[in-house]
Amino acid sequence: MDKAVFYNVVRDRLFSGRLSQEQVDGMEAILNFWEDPPIQPTGAFLEQWQRRTISWLAYMLATTYHETAFTMQPISEYGDIDYFRQLYCDREDLGNGPAYGGEIDDGPRFKGRGYVQITGRINYTAMTAIVREFYPESPDFTVDPEAVKDPRYAAVIMFYGMFLGTFTGWALADYLGKTPDYRKARNIINPGDRAKEIAAYAEIFEEALAKAKAIA
């Protein structure tokens, strides 16, 4: 893949003619995992990995562009402690709170973080094991939740979740086959939310990847 060509296209079409080093670094983490993961995926992840197309990468980049407010860096969900207590504390589905195997104030502790934001003790626990398959030195995210924002770890979480459909039950393969449906692919993360806009971003990323001769 000719990354200079890729960055030239997205710089002009999506970033108003200027890319910061942080934006480049964020995209590099995603592109590097796509091209050369630390180890090859296994099991169900491998099955999906072998089906991937450039449209999958384009949609993940577009999702990142939207979910990170164009920074291309893993971020934390916006809100204060009281907001996260009300939204996430004492949630059985998230494993938050003493009644569900967690601890007091799990809501703020396990707020959304990443390229695509994961929430809840259950998900932080699950992703600790997934990320350690690729980066054995990565910390326990239930002990160090902020580590989810390391771009290397955030990339693994996004790839795994979008390839396997762990976020909403829908996966990239459900929408991005021979004829990609970028609008419906929003169901993978947040059904209906800004689907048209994100689809337009994906088309630009796909164009950039094609011009750069990216391969699946």
# chains A, B, ... in the order shown; residues from 1 in each chain; ligands from 1
call {"tool": "residues_around", "arguments": {"residues": "A:Met127", "least_positions_apart": "5", "cutoff": "10 Å", "atoms": "only C-alpha atoms", "output": "list in words"}}
result
Ile118, Arg121, Ile122, Arg132, Glu133, Asp140, Phe141, Thr142, Val148, Tyr153, Ala154, Val156, Ile157, Tyr160 and Gly161 of chain A
call {"tool": "residues_around", "arguments": {"residues": "A:Ala208", "least_positions_apart": "5", "cutoff": "7 Å", "atoms": "only C-alpha atoms", "output": "ChimeraX atom specification"}}
result
/A:6,9-10
call {"tool": "write_last_selection", "arguments": {"atoms": "N, CA and C atoms", "output": "PDB file, in the first residue's frame"}}
result
ATOM      1  N   PHE A   6      -2.469   7.425  -0.116  1.00  0.00           N
ATOM      2  CA  PHE A   6      -3.639   7.366   0.767  1.00  0.00           C
ATOM      3  C   PHE A   6      -3.799   8.673   1.547  1.00  0.00           C
ATOM      4  N   VAL A   9      -4.973  11.750  -0.460  1.00  0.00           N
ATOM      5  CA  VAL A   9      -6.407  11.778  -0.768  1.00  0.00           C
ATOM      6  C   VAL A   9      -7.216  12.184   0.452  1.00  0.00           C
ATOM      7  N   VAL A  10      -6.998  11.527   1.577  1.00  0.00           N
ATOM      8  CA  VAL A  10      -7.834  11.827   2.746  1.00  0.00           C
ATOM      9  C   VAL A  10      -7.541  13.211   3.301  1.00  0.00           C
TER      10      VAL A  10
END
call {"tool": "closest_residue", "arguments": {"among": "A:Ser76, A:Thr168, A:Asn8, A:Thr68", "to": "A:Glu146", "atoms": "only C-alpha atoms"}}
result
A:Ser76
call {"tool": "select_by_dssp", "arguments": {"residues": "stretch 3-216 of chain A", "states": "strand (DSSP E)", "output": "ChimeraX atom specification"}}
result
/A:75-76,113-114
call {"tool": "write_last_selection", "arguments": {"atoms": "C-alpha atoms", "output": "mmCIF file, in the first residue's frame"}}
result
data_model
loop_
_atom_site.group_PDB
_atom_site.id
_atom_site.type_symbol
_atom_site.label_atom_id
_atom_site.label_comp_id
_atom_site.auth_asym_id
_atom_site.auth_seq_id
_atom_site.Cartn_x
_atom_site.Cartn_y
_atom_site.Cartn_z
ATOM 1 C CA ILE A 75 -11.089 9.059 23.088
ATOM 2 C CA SER A 76 -13.197 8.935 26.241
ATOM 3 C CA ARG A 113 -13.358 4.592 25.562
ATOM 4 C CA GLY A 114 -11.552 3.782 22.336
#
call {"tool": "select_by_dssp", "arguments": {"residues": "stretch 9-205 of chain A", "states": "alpha helix (DSSP H)", "output": "ChimeraX atom specification"}}
result
/A:9-14,21-35,43-49,54-67,81-88,106-109,121-134,151-164,195-205
call {"tool": "write_last_selection", "arguments": {"atoms": "C-alpha atoms", "output": "mmCIF file, in the first residue's frame"}}
result
data_model
loop_
_atom_site.group_PDB
_atom_site.id
_atom_site.type_symbol
_atom_site.label_atom_id
_atom_site.label_comp_id
_atom_site.auth_asym_id
_atom_site.auth_seq_id
_atom_site.Cartn_x
_atom_site.Cartn_y
_atom_site.Cartn_z
ATOM 1 C CA VAL A 9 -6.407 11.778 -0.768
ATOM 2 C CA VAL A 10 -7.834 11.827 2.746
ATOM 3 C CA ARG A 11 -5.976 15.017 3.635
ATOM 4 C CA ASP A 12 -7.690 16.877 0.825
ATOM 5 C CA ARG A 13 -11.096 15.208 0.992
ATOM 6 C CA LEU A 14 -11.656 14.790 4.739
ATOM 7 C CA GLN A 21 0.715 13.953 13.545
ATOM 8 C CA GLU A 22 -1.857 12.615 16.009
ATOM 9 C CA GLN A 23 -4.352 11.994 13.207
ATOM 10 C CA VAL A 24 -1.711 10.186 11.167
ATOM 11 C CA ASP A 25 -0.644 8.126 14.182
ATOM 12 C CA GLY A 26 -4.228 7.094 14.825
ATOM 13 C CA MET A 27 -4.731 5.935 11.254
ATOM 14 C CA GLU A 28 -1.359 4.195 11.255
ATOM 15 C CA ALA A 29 -2.437 1.992 14.162
ATOM 16 C CA ILE A 30 -5.452 0.849 12.141
ATOM 17 C CA LEU A 31 -3.610 0.434 8.841
ATOM 18 C CA ASN A 32 -0.741 -1.427 10.510
ATOM 19 C CA PHE A 33 -3.064 -3.949 12.148
ATOM 20 C CA TRP A 34 -4.813 -4.493 8.813
ATOM 21 C CA GLU A 35 -1.548 -5.053 6.949
ATOM 22 C CA GLY A 43 -10.758 -19.162 15.417
ATOM 23 C CA ALA A 44 -13.846 -17.180 14.471
ATOM 24 C CA PHE A 45 -11.730 -14.047 14.054
ATOM 25 C CA LEU A 46 -9.615 -15.836 11.444
ATOM 26 C CA GLU A 47 -12.719 -16.992 9.585
ATOM 27 C CA GLN A 48 -13.825 -13.381 9.206
ATOM 28 C CA TRP A 49 -10.268 -12.177 8.501
ATOM 29 C CA ILE A 54 -11.109 -3.219 1.335
ATOM 30 C CA SER A 55 -14.631 -1.963 2.049
ATOM 31 C CA TRP A 56 -14.258 -3.344 5.584
ATOM 32 C CA LEU A 57 -11.179 -1.227 6.198
ATOM 33 C CA ALA A 58 -12.812 1.809 4.605
ATOM 34 C CA TYR A 59 -15.812 1.489 6.908
ATOM 35 C CA MET A 60 -13.682 1.060 10.021
ATOM 36 C CA LEU A 61 -11.726 4.196 9.138
ATOM 37 C CA ALA A 62 -14.971 6.068 8.491
ATOM 38 C CA THR A 63 -16.380 4.878 11.799
ATOM 39 C CA THR A 64 -13.244 6.029 13.585
ATOM 40 C CA TYR A 65 -13.430 9.399 11.828
ATOM 41 C CA HIS A 66 -16.950 9.908 13.137
ATOM 42 C CA GLU A 67 -16.676 8.334 16.582
ATOM 43 C CA ILE A 81 -19.086 11.517 36.950
ATOM 44 C CA ASP A 82 -22.741 12.043 37.860
ATOM 45 C CA TYR A 83 -23.779 11.421 34.260
ATOM 46 C CA PHE A 84 -21.896 8.128 34.095
ATOM 47 C CA ARG A 85 -23.207 7.049 37.496
ATOM 48 C CA GLN A 86 -26.763 7.572 36.323
ATOM 49 C CA LEU A 87 -26.174 5.955 32.933
ATOM 50 C CA TYR A 88 -24.011 2.960 33.775
ATOM 51 C CA ASP A 106 -18.207 0.961 38.021
ATOM 52 C CA GLY A 107 -20.227 3.359 35.863
ATOM 53 C CA PRO A 108 -17.629 6.144 35.696
ATOM 54 C CA ARG A 109 -14.758 3.645 35.838
ATOM 55 C CA ARG A 121 -16.917 -4.143 33.348
ATOM 56 C CA ILE A 122 -18.019 -7.173 31.308
ATOM 57 C CA ASN A 123 -16.694 -5.691 28.085
ATOM 58 C CA TYR A 124 -13.466 -4.412 29.623
ATOM 59 C CA THR A 125 -12.880 -7.890 31.019
ATOM 60 C CA ALA A 126 -13.605 -9.614 27.710
ATOM 61 C CA MET A 127 -11.409 -7.269 25.722
ATOM 62 C CA THR A 128 -8.498 -7.749 28.121
ATOM 63 C CA ALA A 129 -8.304 -11.376 26.997
ATOM 64 C CA ILE A 130 -8.765 -10.535 23.306
ATOM 65 C CA VAL A 131 -6.099 -7.827 23.236
ATOM 66 C CA ARG A 132 -3.617 -10.003 25.122
ATOM 67 C CA GLU A 133 -3.771 -12.532 22.295
ATOM 68 C CA PHE A 134 -2.062 -9.905 20.143
ATOM 69 C CA PRO A 151 -4.129 3.057 19.728
ATOM 70 C CA ARG A 152 -2.717 -0.470 19.363
ATOM 71 C CA TYR A 153 -5.230 -1.893 21.823
ATOM 72 C CA ALA A 154 -8.097 0.255 20.558
ATOM 73 C CA ALA A 155 -7.457 -1.045 17.040
ATOM 74 C CA VAL A 156 -7.683 -4.681 18.167
ATOM 75 C CA ILE A 157 -10.946 -3.974 19.991
ATOM 76 C CA MET A 158 -12.474 -2.267 16.960
ATOM 77 C CA PHE A 159 -11.362 -4.964 14.520
ATOM 78 C CA TYR A 160 -12.566 -7.785 16.746
ATOM 79 C CA GLY A 161 -15.891 -6.173 17.567
ATOM 80 C CA MET A 162 -16.717 -5.166 14.000
ATOM 81 C CA PHE A 163 -15.473 -8.414 12.454
ATOM 82 C CA LEU A 164 -17.317 -10.643 14.942
ATOM 83 C CA ALA A 195 -25.616 6.512 8.785
ATOM 84 C CA LYS A 196 -25.702 8.615 5.601
ATOM 85 C CA GLU A 197 -22.799 10.826 6.677
ATOM 86 C CA ILE A 198 -20.611 7.919 7.721
ATOM 87 C CA ALA A 199 -21.385 6.122 4.467
ATOM 88 C CA ALA A 200 -20.088 9.160 2.578
ATOM 89 C CA TYR A 201 -16.881 9.119 4.626
ATOM 90 C CA ALA A 202 -16.462 5.418 3.879
ATOM 91 C CA GLU A 203 -16.716 6.033 0.142
ATOM 92 C CA ILE A 204 -13.889 8.575 0.363
ATOM 93 C CA PHE A 205 -11.726 6.234 2.430
#
call {"tool": "atom_distance", "arguments": {"atom1": "atom CA of A:Ser138", "atom2": "atom CA of A:Asp105"}}
result
23.7 Å
call {"tool": "atom_distance", "arguments": {"atom1": "atom CA of A:Gly120", "atom2": "atom CA of A:Thr42"}}
result
25.3 Å
call {"tool": "decode", "arguments": {"residues": "stretch 109-133 of chain A", "atoms": "N, CA and C atoms", "output": "JSON list (two decimals), in the first residue's frame"}}
result
[["chain", "number", "residue", "atom", "x", "y", "z"],
["A", 109, "ARG", "N", -16.01, 4.36, 36.09],
["A", 109, "ARG", "CA", -14.76, 3.64, 35.84],
["A", 109, "ARG", "C", -14.75, 3.02, 34.45],
["A", 110, "PHE", "N", -15.90, 2.46, 34.04],
["A", 110, "PHE", "CA", -15.96, 1.76, 32.76],
["A", 110, "PHE", "C", -16.86, 2.48, 31.77],
["A", 111, "LYS", "N", -16.69, 3.80, 31.69],
["A", 111, "LYS", "CA", -17.37, 4.59, 30.67],
["A", 111, "LYS", "C", -16.79, 4.24, 29.31],
["A", 112, "GLY", "N", -17.36, 4.82, 28.24],
["A", 112, "GLY", "CA", -16.91, 4.51, 26.90],
["A", 112, "GLY", "C", -15.52, 5.04, 26.61],
["A", 113, "ARG", "N", -14.71, 4.19, 25.98],
["A", 113, "ARG", "CA", -13.36, 4.59, 25.56],
["A", 113, "ARG", "C", -12.98, 3.84, 24.29],
["A", 114, "GLY", "N", -12.12, 4.47, 23.48],
["A", 114, "GLY", "CA", -11.55, 3.78, 22.34],
["A", 114, "GLY", "C", -11.85, 4.46, 21.01],
["A", 115, "TYR", "N", -11.55, 3.77, 19.93],
["A", 115, "TYR", "CA", -11.97, 4.23, 18.60],
["A", 115, "TYR", "C", -13.48, 4.07, 18.49],
["A", 116, "VAL", "N", -13.98, 2.91, 18.88],
["A", 116, "VAL", "CA", -15.41, 2.67, 19.05],
["A", 116, "VAL", "C", -15.57, 2.32, 20.52],
["A", 117, "GLN", "N", -16.35, 3.08, 21.21],
["A", 117, "GLN", "CA", -16.26, 3.09, 22.67],
["A", 117, "GLN", "C", -16.93, 1.88, 23.30],
["A", 118, "ILE", "N", -16.14, 1.13, 24.06],
["A", 118, "ILE", "CA", -16.68, 0.02, 24.83],
["A", 118, "ILE", "C", -17.04, 0.52, 26.23],
["A", 119, "THR", "N", -18.06, -0.06, 26.81],
["A", 119, "THR", "CA", -18.51, 0.33, 28.14],
["A", 119, "THR", "C", -18.74, -0.91, 28.99],
["A", 120, "GLY", "N", -18.61, -0.74, 30.31],
["A", 120, "GLY", "CA", -19.00, -1.80, 31.23],
["A", 120, "GLY", "C", -17.89, -2.77, 31.60],
["A", 121, "ARG", "N", -17.93, -3.21, 32.84],
["A", 121, "ARG", "CA", -16.92, -4.14, 33.35],
["A", 121, "ARG", "C", -16.85, -5.43, 32.51],
["A", 122, "ILE", "N", -18.00, -5.95, 32.10],
["A", 122, "ILE", "CA", -18.02, -7.17, 31.31],
["A", 122, "ILE", "C", -17.20, -7.01, 30.04],
["A", 123, "ASN", "N", -17.39, -5.90, 29.35],
["A", 123, "ASN", "CA", -16.69, -5.69, 28.09],
["A", 123, "ASN", "C", -15.22, -5.39, 28.28],
["A", 124, "TYR", "N", -14.88, -4.67, 29.33],
["A", 124, "TYR", "CA", -13.47, -4.41, 29.62],
["A", 124, "TYR", "C", -12.75, -5.72, 29.99],
["A", 125, "THR", "N", -13.45, -6.59, 30.67],
["A", 125, "THR", "CA", -12.88, -7.89, 31.02],
["A", 125, "THR", "C", -12.67, -8.74, 29.76],
["A", 126, "ALA", "N", -13.69, -8.80, 28.92],
["A", 126, "ALA", "CA", -13.61, -9.61, 27.71],
["A", 126, "ALA", "C", -12.51, -9.12, 26.78],
["A", 127, "MET", "N", -12.39, -7.81, 26.65],
["A", 127, "MET", "CA", -11.41, -7.27, 25.72],
["A", 127, "MET", "C", -9.98, -7.36, 26.26],
["A", 128, "THR", "N", -9.83, -7.49, 27.57],
["A", 128, "THR", "CA", -8.50, -7.75, 28.12],
["A", 128, "THR", "C", -7.95, -9.05, 27.53],
["A", 129, "ALA", "N", -8.75, -10.08, 27.53],
["A", 129, "ALA", "CA", -8.30, -11.38, 27.00],
["A", 129, "ALA", "C", -8.06, -11.32, 25.50],
["A", 130, "ILE", "N", -8.92, -10.62, 24.76],
["A", 130, "ILE", "CA", -8.76, -10.53, 23.31],
["A", 130, "ILE", "C", -7.49, -9.78, 22.95],
["A", 131, "VAL", "N", -7.27, -8.64, 23.56],
["A", 131, "VAL", "CA", -6.10, -7.83, 23.24],
["A", 131, "VAL", "C", -4.81, -8.55, 23.61],
["A", 132, "ARG", "N", -4.83, -9.29, 24.70],
["A", 132, "ARG", "CA", -3.62, -10.00, 25.12],
["A", 132, "ARG", "C", -3.22, -11.12, 24.15],
["A", 133, "GLU", "N", -4.15, -11.57, 23.32],
["A", 133, "GLU", "CA", -3.77, -12.53, 22.29],
["A", 133, "GLU", "C", -2.78, -11.91, 21.31]]
